[in-house]
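Peer 1: Next comes the structure file structure_25.cif, holding mmCIF, C-alpha atoms.
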data_model
loop_
_atom_site.label_atom_id
_atom_site.label_comp_id
_atom_site.auth_asym_id
_atom_site.auth_seq_id
_atom_site.Cartn_x
_atom_site.Cartn_y
_atom_site.Cartn_z
CA MET A 1 8.53 8.92 -30.63
CA SER A 2 7.75 5.25 -30.21
CA LEU A 3 7.22 2.92 -27.28
CA ALA A 4 10.98 2.30 -27.20
CA ASN A 5 11.50 5.88 -26.01
CA TYR A 6 9.10 5.59 -23.10
CA PHE A 7 9.14 1.99 -21.91
CA SER A 8 12.34 1.86 -19.88
CA ILE A 9 12.99 -1.87 -20.26
CA TYR A 10 12.28 -1.96 -24.01
CA HIS A 11 15.90 -2.33 -25.04
CA LYS A 12 16.43 -5.18 -22.59
CA LEU A 13 13.75 -7.26 -24.32
CA THR A 14 14.59 -9.82 -27.00
CA GLU A 15 14.11 -8.85 -30.61
CA ALA A 16 11.09 -11.15 -30.85
CA GLU A 17 9.52 -9.50 -27.82
CA GLN A 18 10.17 -6.04 -29.23
CA GLN A 19 8.55 -7.06 -32.50
CA LEU A 20 5.56 -8.51 -30.68
CA LEU A 21 5.12 -5.25 -28.77
CA SER A 22 5.38 -3.14 -31.91
CA ARG A 23 2.68 -5.23 -33.54
CA VAL A 24 0.14 -5.02 -30.71
CA VAL A 25 0.77 -1.71 -28.98
CA ILE A 26 -1.93 0.93 -29.42
CA GLU A 27 -1.39 4.67 -29.09
CA LYS A 28 -4.19 6.57 -27.42
CA LYS A 29 -5.12 10.07 -26.40
CA ALA A 30 -7.55 10.90 -23.65
CA GLU A 31 -8.89 14.20 -22.46
CA LYS A 32 -8.81 15.54 -18.94
CA GLY A 33 -11.54 13.88 -16.93
CA THR A 34 -11.63 10.60 -18.86
CA ILE A 35 -11.97 7.54 -16.64
CA LEU A 36 -9.52 4.88 -17.87
CA HIS A 37 -10.19 2.20 -15.29
CA THR A 38 -12.64 1.70 -12.49
CA GLY A 39 -13.22 -1.20 -10.16
CA MET A 40 -11.63 -4.62 -10.41
CA LYS A 41 -13.31 -5.80 -13.60
CA ASP A 42 -11.78 -3.29 -16.01
CA CYS A 43 -8.58 -4.54 -17.50
CA ILE A 44 -7.51 -2.46 -20.46
CA GLY A 45 -3.84 -3.40 -20.27
CA LEU A 46 -0.54 -1.93 -19.25
CA LEU A 47 -0.30 1.80 -19.91
CA VAL A 48 2.98 3.53 -20.67
CA ILE A 49 2.49 7.27 -20.29
CA LYS A 50 3.83 9.53 -23.06
CA SER A 51 2.53 12.87 -21.81
CA GLY A 52 -0.04 14.36 -19.50
CA GLN A 53 -0.98 13.37 -15.98
CA ILE A 54 -2.87 10.35 -14.69
CA ARG A 55 -4.41 10.01 -11.25
CA ALA A 56 -5.26 6.90 -9.26
CA HIS A 57 -7.80 7.37 -6.51
CA ILE A 58 -10.25 5.51 -4.32
CA THR A 59 -13.78 6.57 -3.43
CA SER A 60 -15.76 5.99 -0.24
CA ASN A 61 -19.38 4.81 -0.23
CA GLU A 62 -20.32 8.42 0.43
CA GLY A 63 -18.45 9.60 -2.65
CA ARG A 64 -15.40 11.08 -0.93
CA GLU A 65 -12.13 10.61 -2.79
CA ILE A 66 -8.46 10.39 -1.99
CA THR A 67 -5.59 10.40 -4.47
CA ILE A 68 -3.37 7.35 -4.08
CA TYR A 69 -0.70 8.38 -6.57
CA ARG A 70 -0.14 10.24 -9.83
CA LEU A 71 1.63 9.14 -12.97
CA PHE A 72 3.59 11.20 -15.49
CA ASP A 73 5.45 10.61 -18.75
CA HIS A 74 7.55 7.44 -18.80
CA ASP A 75 5.55 6.00 -15.90
CA ILE A 76 3.81 2.66 -16.08
CA CYS A 77 0.21 2.18 -15.04
CA LEU A 78 0.14 -1.36 -13.72
CA LEU A 79 -3.26 -1.38 -12.03
CA SER A 80 -5.07 -0.94 -15.34
CA ALA A 81 -3.84 -4.49 -15.98
CA SER A 82 -4.44 -5.73 -12.45
CA CYS A 83 -6.59 -8.65 -13.64
CA ILE A 84 -3.46 -10.58 -14.51
CA LEU A 85 -2.38 -10.48 -10.87
CA ASN A 86 -5.17 -12.18 -8.98
CA SER A 87 -3.68 -11.17 -5.65
CA ILE A 88 -4.66 -7.55 -6.36
CA GLN A 89 -8.00 -7.21 -4.66
CA PHE A 90 -9.12 -3.63 -4.43
CA ASP A 91 -11.08 -1.09 -6.42
CA ILE A 92 -9.20 1.85 -7.76
CA THR A 93 -10.19 4.48 -10.30
CA ILE A 94 -7.65 5.70 -12.83
CA SER A 95 -8.49 8.95 -14.57
CA VAL A 96 -6.84 11.56 -16.75
CA GLU A 97 -5.91 14.66 -14.78
CA LYS A 98 -4.27 16.50 -17.68
CA ASP A 99 -4.85 15.64 -21.37
CA ALA A 100 -2.73 12.54 -21.86
CA GLU A 101 -1.10 10.45 -24.54
CA PHE A 102 -0.14 6.91 -23.75
CA PHE A 103 0.63 3.49 -25.15
CA VAL A 104 -1.59 0.54 -24.30
CA ILE A 105 -0.01 -2.91 -24.18
CA PRO A 106 -3.00 -5.27 -24.37
CA VAL A 107 -3.57 -7.53 -21.38
CA GLY A 108 -2.98 -10.78 -23.27
CA THR A 109 0.42 -9.65 -24.54
CA PHE A 110 1.43 -8.23 -21.20
CA LYS A 111 0.46 -11.49 -19.46
CA GLN A 112 2.48 -13.48 -21.99
CA LEU A 113 5.53 -11.25 -21.47
CA MET A 114 5.24 -11.48 -17.67
CA GLU A 115 5.17 -15.26 -17.93
CA GLN A 116 8.06 -15.61 -20.36
CA SER A 117 10.38 -12.69 -19.64
CA LEU A 118 12.43 -12.28 -16.49
CA VAL A 119 13.16 -8.71 -17.53
CA VAL A 120 9.45 -7.87 -17.55
CA SER A 121 8.65 -9.81 -14.39
CA ASN A 122 11.53 -8.27 -12.43
CA TYR A 123 10.59 -4.82 -13.67
CA MET A 124 7.02 -5.37 -12.49
CA ASN A 125 8.38 -6.23 -9.05
CA GLN A 126 10.19 -2.89 -9.01
CA VAL A 127 7.03 -1.04 -10.10
CA MET A 128 4.96 -2.87 -7.46
CA GLY A 129 7.58 -1.89 -4.87
CA SER A 130 7.21 1.77 -5.88
CA ARG A 131 3.43 1.67 -5.65
CA LEU A 132 3.64 -0.07 -2.28
CA SER A 133 6.03 2.65 -1.09
CA GLU A 134 3.68 5.39 -2.25
CA VAL A 135 0.74 3.80 -0.48
CA MET A 136 2.80 3.34 2.71
CA TRP A 137 3.77 7.01 2.54
CA LEU A 138 0.09 7.90 2.29
CA ILE A 139 -0.77 5.77 5.33
CA GLU A 140 1.90 7.54 7.35
CA GLN A 141 0.49 10.88 6.23
CA VAL A 142 -3.13 10.17 7.07
CA MET A 143 -2.29 8.39 10.32
CA TRP A 144 0.29 10.68 11.85
CA LYS A 145 0.29 14.04 10.10
CA SER A 146 -2.10 16.80 11.00
CA PHE A 147 -4.23 18.26 8.23
CA ASP A 148 -2.35 21.59 8.08
CA LYS A 149 0.92 19.80 7.32
CA ARG A 150 -0.69 17.62 4.68
CA LEU A 151 -2.35 20.60 3.01
CA ALA A 152 0.90 22.58 3.05
CA HIS A 153 2.66 19.64 1.38
CA PHE A 154 -0.10 19.32 -1.21
CA LEU A 155 0.09 23.02 -2.16
CA VAL A 156 3.88 22.97 -2.53
CA GLU A 157 3.73 19.80 -4.63
CA GLU A 158 0.92 21.13 -6.80
CA SER A 159 2.83 24.35 -7.39
CA ALA A 160 5.89 22.35 -8.51
CA LEU A 161 3.77 20.17 -10.82
CA GLU A 162 2.05 23.18 -12.41
CA GLY A 163 5.17 25.32 -12.52
CA THR A 164 3.36 28.30 -11.03
CA ASN A 165 2.58 29.89 -7.69
CA VAL A 166 -0.98 30.67 -8.75
CA LEU A 167 -2.96 27.45 -8.53
CA LYS A 168 -6.20 27.17 -10.42
CA ILE A 169 -7.85 24.53 -8.29
CA THR A 170 -11.08 24.51 -6.34
CA HIS A 171 -11.32 23.69 -2.63
CA GLU A 172 -13.55 20.79 -3.66
CA GLN A 173 -10.80 19.38 -5.89
CA ILE A 174 -8.23 19.67 -3.12
CA ALA A 175 -10.62 17.84 -0.79
CA SER A 176 -10.91 15.04 -3.38
CA HIS A 177 -7.14 14.65 -3.53
CA MET A 178 -6.78 14.59 0.23
CA GLY A 179 -9.77 12.49 1.23
CA SER A 180 -11.21 15.42 3.13
CA ALA A 181 -14.29 17.63 2.98
CA ARG A 182 -14.48 20.98 1.17
CA GLU A 183 -15.30 22.92 4.34
CA VAL A 184 -12.22 21.53 6.08
CA VAL A 185 -10.02 22.64 3.19
CA THR A 186 -11.60 26.10 3.06
CA ARG A 187 -11.18 26.61 6.79
CA MET A 188 -7.48 25.66 6.68
CA LEU A 189 -6.81 27.78 3.58
CA LYS A 190 -8.34 30.78 5.34
CA TYR A 191 -6.06 30.12 8.29
CA PHE A 192 -3.09 29.92 5.87
CA GLN A 193 -4.18 33.30 4.48
CA THR A 194 -4.21 34.93 7.91
CA GLU A 195 -0.71 33.51 8.40
CA GLU A 196 0.26 35.15 5.06
CA LEU A 197 1.22 31.83 3.50
CA VAL A 198 -1.32 32.03 0.67
CA LYS A 199 -3.64 34.58 -0.91
CA LEU A 200 -7.12 33.43 -1.91
CA SER A 201 -9.09 34.82 -4.83
CA ARG A 202 -12.07 33.50 -6.75
CA GLY A 203 -10.92 30.24 -8.32
CA THR A 204 -7.23 30.60 -7.46
CA ILE A 205 -4.86 30.08 -4.58
CA GLU A 206 -1.65 32.07 -4.73
CA ILE A 207 1.29 30.75 -2.76
CA VAL A 208 3.00 33.80 -1.27
CA ASP A 209 5.33 32.09 1.22
CA GLU A 210 6.48 28.74 -0.11
CA ASP A 211 9.22 28.43 2.52
CA GLY A 212 6.62 28.98 5.21
CA LEU A 213 4.53 26.14 3.82
CA ARG A 214 7.61 23.92 3.65
CA ASP A 215 8.52 24.75 7.25
CA LEU A 216 5.02 23.86 8.34
CA ASN A 217 5.38 20.46 6.74
CA GLU A 218 8.59 19.58 8.54
CA MET B 1 8.86 -30.82 7.83
CA SER B 2 11.17 -29.10 5.41
CA LEU B 3 11.03 -25.92 3.35
CA ALA B 4 9.34 -27.91 0.57
CA ASN B 5 6.24 -28.25 2.76
CA TYR B 6 5.92 -24.52 3.42
CA PHE B 7 7.28 -22.68 0.39
CA SER B 8 4.41 -22.97 -2.07
CA ILE B 9 6.47 -22.65 -5.25
CA TYR B 10 9.20 -25.09 -4.14
CA HIS B 11 8.07 -27.91 -6.43
CA LYS B 12 7.97 -25.58 -9.42
CA LEU B 13 11.68 -24.81 -9.04
CA THR B 14 14.36 -26.67 -10.97
CA GLU B 15 16.25 -29.44 -9.21
CA ALA B 16 19.36 -27.24 -9.10
CA GLU B 17 17.40 -24.43 -7.47
CA GLN B 18 15.88 -26.81 -4.93
CA GLN B 19 19.34 -28.11 -4.06
CA LEU B 20 20.68 -24.58 -3.73
CA LEU B 21 17.85 -23.71 -1.35
CA SER B 22 18.38 -26.84 0.74
CA ARG B 23 22.07 -25.95 1.12
CA VAL B 24 21.57 -22.37 2.27
CA VAL B 25 18.23 -22.27 4.05
CA ILE B 26 18.39 -21.72 7.80
CA GLU B 27 15.73 -22.76 10.30
CA LYS B 28 15.11 -20.34 13.11
CA LYS B 29 12.94 -19.92 16.16
CA ALA B 30 12.06 -16.60 17.73
CA GLU B 31 10.14 -15.78 20.86
CA LYS B 32 7.17 -13.48 21.10
CA GLY B 33 8.38 -9.91 21.09
CA THR B 34 11.53 -10.48 19.02
CA ILE B 35 12.16 -7.76 16.44
CA LEU B 36 13.14 -9.44 13.16
CA HIS B 37 13.51 -6.37 10.99
CA THR B 38 13.43 -2.65 11.52
CA GLY B 39 14.00 0.24 9.15
CA MET B 40 15.32 -0.01 5.63
CA LYS B 41 18.85 -1.14 6.39
CA ASP B 42 18.02 -4.54 7.88
CA CYS B 43 17.94 -7.23 5.28
CA ILE B 44 17.95 -10.68 6.81
CA GLY B 45 16.41 -12.43 3.81
CA LEU B 46 13.16 -13.96 2.73
CA LEU B 47 11.24 -15.58 5.57
CA VAL B 48 8.93 -18.54 5.07
CA ILE B 49 6.78 -18.94 8.16
CA LYS B 50 6.43 -22.41 9.64
CA SER B 51 4.40 -21.59 12.74
CA GLY B 52 3.49 -18.71 14.99
CA GLN B 53 2.43 -15.22 14.10
CA ILE B 54 4.45 -12.32 12.66
CA ARG B 55 3.37 -8.71 12.65
CA ALA B 56 4.44 -5.86 10.37
CA HIS B 57 3.86 -2.38 11.74
CA ILE B 58 4.93 1.23 11.34
CA THR B 59 5.65 3.70 14.13
CA SER B 60 5.13 7.46 14.24
CA ASN B 61 7.74 9.89 15.54
CA GLU B 62 5.72 10.00 18.75
CA GLY B 63 5.89 6.23 19.13
CA ARG B 64 2.35 5.39 18.07
CA GLU B 65 2.03 2.17 16.10
CA ILE B 66 -0.30 0.69 13.54
CA THR B 67 -0.34 -2.90 12.31
CA ILE B 68 0.02 -3.08 8.53
CA TYR B 69 -0.48 -6.83 8.20
CA ARG B 70 0.08 -10.14 9.93
CA LEU B 71 1.70 -13.31 8.64
CA PHE B 72 0.96 -16.93 9.53
CA ASP B 73 2.29 -20.37 8.60
CA HIS B 74 3.05 -20.79 4.88
CA ASP B 75 3.20 -17.01 4.43
CA ILE B 76 6.20 -15.25 2.97
CA CYS B 77 7.80 -12.25 4.59
CA LEU B 78 9.11 -10.26 1.66
CA LEU B 79 9.90 -6.98 3.36
CA SER B 80 12.63 -8.57 5.46
CA ALA B 81 14.45 -8.85 2.11
CA SER B 82 13.32 -5.44 0.82
CA CYS B 83 16.92 -4.35 0.13
CA ILE B 84 16.91 -6.34 -3.08
CA LEU B 85 14.06 -4.20 -4.41
CA ASN B 86 15.39 -0.69 -4.39
CA SER B 87 11.97 0.74 -5.18
CA ILE B 88 10.83 -0.18 -1.66
CA GLN B 89 11.38 2.98 0.30
CA PHE B 90 9.75 2.87 3.68
CA ASP B 91 10.51 1.83 7.21
CA ILE B 92 8.61 -1.08 8.60
CA THR B 93 9.13 -3.14 11.74
CA ILE B 94 8.60 -6.87 11.64
CA SER B 95 8.20 -8.57 14.98
CA VAL B 96 7.11 -11.88 16.42
CA GLU B 97 3.60 -11.74 17.82
CA LYS B 98 3.41 -15.41 18.82
CA ASP B 99 6.45 -17.68 19.24
CA ALA B 100 7.45 -18.48 15.69
CA GLU B 101 9.44 -20.95 13.65
CA PHE B 102 10.49 -19.97 10.18
CA PHE B 103 12.94 -20.61 7.38
CA VAL B 104 15.34 -17.89 6.28
CA ILE B 105 16.45 -17.80 2.65
CA PRO B 106 19.54 -15.58 2.70
CA VAL B 107 19.35 -12.36 0.71
CA GLY B 108 22.08 -13.31 -1.77
CA THR B 109 20.38 -16.56 -2.70
CA PHE B 110 16.98 -14.95 -2.91
CA LYS B 111 18.34 -12.20 -5.17
CA GLN B 112 19.96 -14.81 -7.41
CA LEU B 113 16.70 -16.76 -7.66
CA MET B 114 14.67 -13.62 -8.43
CA GLU B 115 17.07 -12.79 -11.23
CA GLN B 116 17.21 -16.25 -12.77
CA SER B 117 13.83 -17.83 -12.08
CA LEU B 118 10.58 -16.71 -13.66
CA VAL B 119 8.72 -18.86 -11.15
CA VAL B 120 10.24 -16.92 -8.24
CA SER B 121 9.88 -13.53 -9.89
CA ASN B 122 6.24 -14.12 -10.86
CA TYR B 123 5.50 -15.41 -7.38
CA MET B 124 7.01 -12.27 -5.87
CA ASN B 125 4.69 -10.20 -8.05
CA GLN B 126 1.75 -12.11 -6.60
CA VAL B 127 3.02 -11.58 -3.03
CA MET B 128 3.60 -7.88 -3.68
CA GLY B 129 0.05 -7.68 -5.05
CA SER B 130 -1.28 -9.20 -1.82
CA ARG B 131 0.65 -6.78 0.35
CA LEU B 132 -0.48 -3.86 -1.77
CA SER B 133 -4.08 -5.06 -1.39
CA GLU B 134 -3.71 -5.29 2.39
CA VAL B 135 -2.29 -1.79 2.59
CA MET B 136 -5.06 -0.44 0.34
CA TRP B 137 -7.63 -2.10 2.59
CA LEU B 138 -6.03 -0.37 5.57
CA ILE B 139 -6.17 3.03 3.84
CA GLU B 140 -9.86 2.54 3.16
CA GLN B 141 -10.39 1.63 6.80
CA VAL B 142 -8.56 4.59 8.31
CA MET B 143 -9.94 7.05 5.75
CA TRP B 144 -13.59 6.11 5.60
CA LYS B 145 -14.51 3.88 8.54
CA SER B 146 -15.39 5.23 11.92
CA PHE B 147 -13.43 3.97 14.89
CA ASP B 148 -16.30 1.88 16.32
CA LYS B 149 -16.53 -0.15 13.10
CA ARG B 150 -12.77 -0.65 12.96
CA LEU B 151 -12.62 -1.74 16.61
CA ALA B 152 -15.56 -4.14 16.11
CA HIS B 153 -13.73 -5.67 13.13
CA PHE B 154 -10.50 -5.96 15.11
CA LEU B 155 -12.20 -7.77 18.01
CA VAL B 156 -13.96 -10.26 15.74
CA GLU B 157 -10.74 -10.95 13.82
CA GLU B 158 -8.71 -11.31 17.00
CA SER B 159 -11.26 -13.73 18.40
CA ALA B 160 -11.03 -15.86 15.24
CA LEU B 161 -7.21 -15.80 15.35
CA GLU B 162 -7.10 -16.81 19.01
CA GLY B 163 -9.96 -19.28 18.76
CA THR B 164 -11.65 -17.87 21.85
CA ASN B 165 -14.22 -15.27 22.85
CA VAL B 166 -12.12 -14.21 25.83
CA LEU B 167 -9.31 -12.03 24.54
CA LYS B 168 -6.25 -11.51 26.71
CA ILE B 169 -5.11 -8.23 25.28
CA THR B 170 -4.58 -4.82 26.83
CA HIS B 171 -6.22 -1.65 25.59
CA GLU B 172 -2.70 -0.36 24.94
CA GLN B 173 -1.97 -3.29 22.64
CA ILE B 174 -5.20 -2.76 20.72
CA ALA B 175 -4.26 0.90 20.31
CA SER B 176 -0.89 -0.17 18.88
CA HIS B 177 -2.57 -2.38 16.31
CA MET B 178 -5.01 0.29 15.28
CA GLY B 179 -2.81 3.37 15.28
CA SER B 180 -4.90 4.90 18.02
CA ALA B 181 -4.48 6.02 21.64
CA ARG B 182 -5.26 3.85 24.67
CA GLU B 183 -7.91 6.26 26.00
CA VAL B 184 -9.79 6.15 22.70
CA VAL B 185 -9.83 2.35 22.81
CA THR B 186 -10.94 2.27 26.44
CA ARG B 187 -13.76 4.74 25.81
CA MET B 188 -15.09 2.75 22.86
CA LEU B 189 -14.81 -0.59 24.71
CA LYS B 190 -16.84 0.87 27.57
CA TYR B 191 -19.46 1.98 25.07
CA PHE B 192 -19.46 -1.55 23.59
CA GLN B 193 -20.01 -2.87 27.12
CA THR B 194 -23.04 -0.66 27.70
CA GLU B 195 -24.36 -1.97 24.36
CA GLU B 196 -23.81 -5.51 25.71
CA LEU B 197 -21.43 -6.41 22.89
CA VAL B 198 -18.47 -7.15 25.18
CA LYS B 199 -17.77 -7.69 28.86
CA LEU B 200 -14.65 -6.10 30.30
CA SER B 201 -12.61 -7.55 33.16
CA ARG B 202 -9.08 -6.91 34.35
CA GLY B 203 -6.82 -7.93 31.46
CA THR B 204 -9.53 -9.53 29.35
CA ILE B 205 -12.25 -8.58 26.91
CA GLU B 206 -15.03 -11.11 26.51
CA ILE B 207 -17.03 -10.97 23.30
CA VAL B 208 -20.63 -11.63 24.28
CA ASP B 209 -22.38 -10.64 21.05
CA GLU B 210 -20.21 -11.43 18.05
CA ASP B 211 -23.09 -10.94 15.62
CA GLY B 212 -23.69 -7.51 17.07
CA LEU B 213 -20.04 -6.60 16.46
CA ARG B 214 -20.27 -7.94 12.92
CA ASP B 215 -23.45 -5.94 12.27
CA LEU B 216 -21.71 -2.82 13.50
CA ASN B 217 -18.93 -3.35 10.99
CA GLU B 218 -21.22 -3.61 7.98
#
Could I get this structure in the form of C-alpha cells?
Peer 2:
Amino acid sequence: MSLANYFSIYHKLTEAEQQLLSRVVIEKKAEKGTILHTGMKDCIGLLVIKSGQIRAHITSNEGREITIYRLFDHDICLLSASCILNSIQFDITISVEKDAEFFVIPVGTFKQLMEQSLVVSNYMNQVMGSRLSEVMWLIEQVMWKSFDKRLAHFLVEESALEGTNVLKITHEQIASHMGSAREVVTRMLKYFQTEELVKLSRGTIEIVDEDGLRDLNE
Amino acid sequence: MSLANYFSIYHKLTEAEQQLLSRVVIEKKAEKGTILHTGMKDCIGLLVIKSGQIRAHITSNEGREITIYRLFDHDICLLSASCILNSIQFDITISVEKDAEFFVIPVGTFKQLMEQSLVVSNYMNQVMGSRLSEVMWLIEQVMWKSFDKRLAHFLVEESALEGTNVLKITHEQIASHMGSAREVVTRMLKYFQTEELVKLSRGTIEIVDEDGLRDLNE
C-alpha cells in the first residue's frame, strides 16, 4: 500500500507532483513511546499515518501533560512540519502511542508543494481548521466541564479506541492525557467504582456501565 | 484609506483579483457591544479590521465567557467566514469591544479567492496558524497557570491596550475575559491591593506596581 492509498488528496495532484512525492517520500516505523517531534525546532516533515496511533501533547514546567489530540491511519500530522508556517508558535510533543507506520514527506518538498499547489494549500487549511476545532473543544472541556464528566468521556473514548471494556492503562497515564494529577484520577475512579460504573483491579479498569458513564457526560 | 492599506496581501493579488475585491468589498462601522457573529451558522464573510477592537469569545451553558483572542487594525477575522472551511466545528462569538470600522469581503468572493489564489490560500494557512497558536497559549494558561498569574498578565496587557494605568473595567467584565466568576476576580484584586500592586476605586483599577505584576506572572 503506497502513499496514494493514505494521502487523501494524492489523486488531485498533478502527475509531476505525484512523481515528486514518490521520489522523496520515506516510509518509517516507530515503536510505542518514540518521540517524533518536540519543541518548535524539530521539523521532520509532514507525516501521513498508515497504522498505529500518534499523540500530540503539551507539558507544563512541572512535567504535567495533557493530550491535545490523537492521530490514526489516514490522518496527517501537520505540526511535525510546523517550521514552514512561521505563525505557529508553540511547543508540542508528538509521540507514538501504539506502534506506528507512516510516510514522511520531507519539509522541503512539502514547502514547495504548499507554495505551488492550491490543492495542497487548501487541504492544509482544512487540516488546520480541524486541529483548531479539536483545541477549541479541549478548551471548552477544561473550562466548563467538571472532572467527573471529562473522565467519564475519556474512559468511553478509550474503550472505543481499544475495542474492549477492560482498559489496561495506569492512573498516571490517564492523568497525563487529562492534564491532571494521579491522585485526582484515582479518587474519581474509586468514586466511579462505588457508583458501579467501573471495576478496578491491579493494572486494569473494567467499564461495567458504559451507559452510566455516557449519561454522566451529558 | 482603502482595503489595499489594510489587507496585507492585497498587492500580491492579480489585477483582476484586486478589481474583484474593490467591486464587492463593503465598508462597515459597528458600535461597541455589537455582535458580529455567533454560532456556526453565521457567515458574514472575511473581516479586515480598519480600527477599533474585536473580541472572539466562547460561552458556557451557564453563560460564563472566556476571551479566545482579540483583533486590532490590520487583523483578519477568519472565523466570521468559517462556513467555507467545513472542518471548523465550534461555536464562537465575535463582538465589537471598541467602536470599530472594518471591511467585509463577502463569503462567496472569499471562497472563490481561496480556491483560485495560492496567495490567499497560503495567507489563510498563516492566519490559521496564528489563531491555533493563540488558542494553544490559552490552554497552557488555563491548565498550568494559577489565577493570580493570569490576572496579573491580564491587567498588564489591558493597561498596554488602553494606554493608561487606570483601567475602567468592572470585575464582571474581567471575569468574562478570563472564564472566571466575579467573586474570584474581586477576591484576587483585593489581595493585589494588600500587596500594593493595584489600587481599587469604584469602577476603576489603578495599576500602581506594574513591575510587581509582571514579576508575579513570570
Peer 1: Would you mind listing what lies within 10 Å of Glu65 (chain A) as a list in words, with all atoms listed in the file counted and same-chain residues fewer than 3 positions away left out?
Peer 2: His57, Ile58, Thr59, Ser60, Asn61, Glu62, Ile68, Thr93, Gln173, Ile174, Ala175, Ser176, His177, Met178, Gly179, Ser180 and Ala181 of chain A; Met143 and Trp144 of chain B
Peer 1: Report as a PyMOL selection string the residues that result from applying the PyMOL selection byres ((chain B) within 10 of (chain A)) to the structure here.
Peer 2: chain B and resi 58-62+64-66+68+79+82+84-92+114-145+178-180
Peer 1: Output the selection as a PDB file, in the frame of the given file - C-alpha atoms for each residue.
Peer 2:
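What follows is the written file out.pdb:
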ATOM      1  CA  ILE B  58       4.930   1.230  11.340  1.00  0.00           C
ATOM      2  CA  THR B  59       5.650   3.700  14.130  1.00  0.00           C
ATOM      3  CA  SER B  60       5.130   7.460  14.240  1.00  0.00           C
ATOM      4  CA  ASN B  61       7.740   9.890  15.540  1.00  0.00           C
ATOM      5  CA  GLU B  62       5.720  10.000  18.750  1.00  0.00           C
ATOM      6  CA  ARG B  64       2.350   5.390  18.070  1.00  0.00           C
ATOM      7  CA  GLU B  65       2.030   2.170  16.100  1.00  0.00           C
ATOM      8  CA  ILE B  66      -0.300   0.690  13.540  1.00  0.00           C
ATOM      9  CA  ILE B  68       0.020  -3.080   8.530  1.00  0.00           C
ATOM     10  CA  LEU B  79       9.900  -6.980   3.360  1.00  0.00           C
ATOM     11  CA  SER B  82      13.320  -5.440   0.820  1.00  0.00           C
ATOM     12  CA  ILE B  84      16.910  -6.340  -3.080  1.00  0.00           C
ATOM     13  CA  LEU B  85      14.060  -4.200  -4.410  1.00  0.00           C
ATOM     14  CA  ASN B  86      15.390  -0.690  -4.390  1.00  0.00           C
ATOM     15  CA  SER B  87      11.970   0.740  -5.180  1.00  0.00           C
ATOM     16  CA  ILE B  88      10.830  -0.180  -1.660  1.00  0.00           C
ATOM     17  CA  GLN B  89      11.380   2.980   0.300  1.00  0.00           C
ATOM     18  CA  PHE B  90       9.750   2.870   3.680  1.00  0.00           C
ATOM     19  CA  ASP B  91      10.510   1.830   7.210  1.00  0.00           C
ATOM     20  CA  ILE B  92       8.610  -1.080   8.600  1.00  0.00           C
ATOM     21  CA  MET B 114      14.670 -13.620  -8.430  1.00  0.00           C
ATOM     22  CA  GLU B 115      17.070 -12.790 -11.230  1.00  0.00           C
ATOM     23  CA  GLN B 116      17.210 -16.250 -12.770  1.00  0.00           C
ATOM     24  CA  SER B 117      13.830 -17.830 -12.080  1.00  0.00           C
ATOM     25  CA  LEU B 118      10.580 -16.710 -13.660  1.00  0.00           C
ATOM     26  CA  VAL B 119       8.720 -18.860 -11.150  1.00  0.00           C
ATOM     27  CA  VAL B 120      10.240 -16.920  -8.240  1.00  0.00           C
ATOM     28  CA  SER B 121       9.880 -13.530  -9.890  1.00  0.00           C
ATOM     29  CA  ASN B 122       6.240 -14.120 -10.860  1.00  0.00           C
ATOM     30  CA  TYR B 123       5.500 -15.410  -7.380  1.00  0.00           C
ATOM     31  CA  MET B 124       7.010 -12.270  -5.870  1.00  0.00           C
ATOM     32  CA  ASN B 125       4.690 -10.200  -8.050  1.00  0.00           C
ATOM     33  CA  GLN B 126       1.750 -12.110  -6.600  1.00  0.00           C
ATOM     34  CA  VAL B 127       3.020 -11.580  -3.030  1.00  0.00           C
ATOM     35  CA  MET B 128       3.600  -7.880  -3.680  1.00  0.00           C
ATOM     36  CA  GLY B 129       0.050  -7.680  -5.050  1.00  0.00           C
ATOM     37  CA  SER B 130      -1.280  -9.200  -1.820  1.00  0.00           C
ATOM     38  CA  ARG B 131       0.650  -6.780   0.350  1.00  0.00           C
ATOM     39  CA  LEU B 132      -0.480  -3.860  -1.770  1.00  0.00           C
ATOM     40  CA  SER B 133      -4.080  -5.060  -1.390  1.00  0.00           C
ATOM     41  CA  GLU B 134      -3.710  -5.290   2.390  1.00  0.00           C
ATOM     42  CA  VAL B 135      -2.290  -1.790   2.590  1.00  0.00           C
ATOM     43  CA  MET B 136      -5.060  -0.440   0.340  1.00  0.00           C
ATOM     44  CA  TRP B 137      -7.630  -2.100   2.590  1.00  0.00           C
ATOM     45  CA  LEU B 138      -6.030  -0.370   5.570  1.00  0.00           C
ATOM     46  CA  ILE B 139      -6.170   3.030   3.840  1.00  0.00           C
ATOM     47  CA  GLU B 140      -9.860   2.540   3.160  1.00  0.00           C
ATOM     48  CA  GLN B 141     -10.390   1.630   6.800  1.00  0.00           C
ATOM     49  CA  VAL B 142      -8.560   4.590   8.310  1.00  0.00           C
ATOM     50  CA  MET B 143      -9.940   7.050   5.750  1.00  0.00           C
ATOM     51  CA  TRP B 144     -13.590   6.110   5.600  1.00  0.00           C
ATOM     52  CA  LYS B 145     -14.510   3.880   8.540  1.00  0.00           C
ATOM     53  CA  MET B 178      -5.010   0.290  15.280  1.00  0.00           C
ATOM     54  CA  GLY B 179      -2.810   3.370  15.280  1.00  0.00           C
ATOM     55  CA  SER B 180      -4.900   4.900  18.020  1.00  0.00           C
TER      56      SER B 180
END
Peer 1: Skip Ser2 (chain A) itself and residues of its chain fewer than 2 positions away, then list as number ranges by chain all residues within 9 Å of it, counting all atoms listed in the file.
Peer 2: A: 4-6, 22, 103
Peer 1: If you count all atoms listed in the file, which residues fall within 10 Å of Gly33 (chain B), apart from same-chain ones fewer than 4 positions away, as an mmCIF file with C-alpha atoms, keeping the file's coordinate frame?
Peer 2:
data_model
loop_
_atom_site.group_PDB
_atom_site.id
_atom_site.type_symbol
_atom_site.label_atom_id
_atom_site.label_comp_id
_atom_site.auth_asym_id
_atom_site.auth_seq_id
_atom_site.Cartn_x
_atom_site.Cartn_y
_atom_site.Cartn_z
ATOM 1 C CA ILE B 54 4.450 -12.320 12.660
ATOM 2 C CA ARG B 55 3.370 -8.710 12.650
ATOM 3 C CA ILE B 94 8.600 -6.870 11.640
ATOM 4 C CA SER B 95 8.200 -8.570 14.980
ATOM 5 C CA VAL B 96 7.110 -11.880 16.420
ATOM 6 C CA GLU B 97 3.600 -11.740 17.820
ATOM 7 C CA LYS B 98 3.410 -15.410 18.820
ATOM 8 C CA ASP B 99 6.450 -17.680 19.240
#
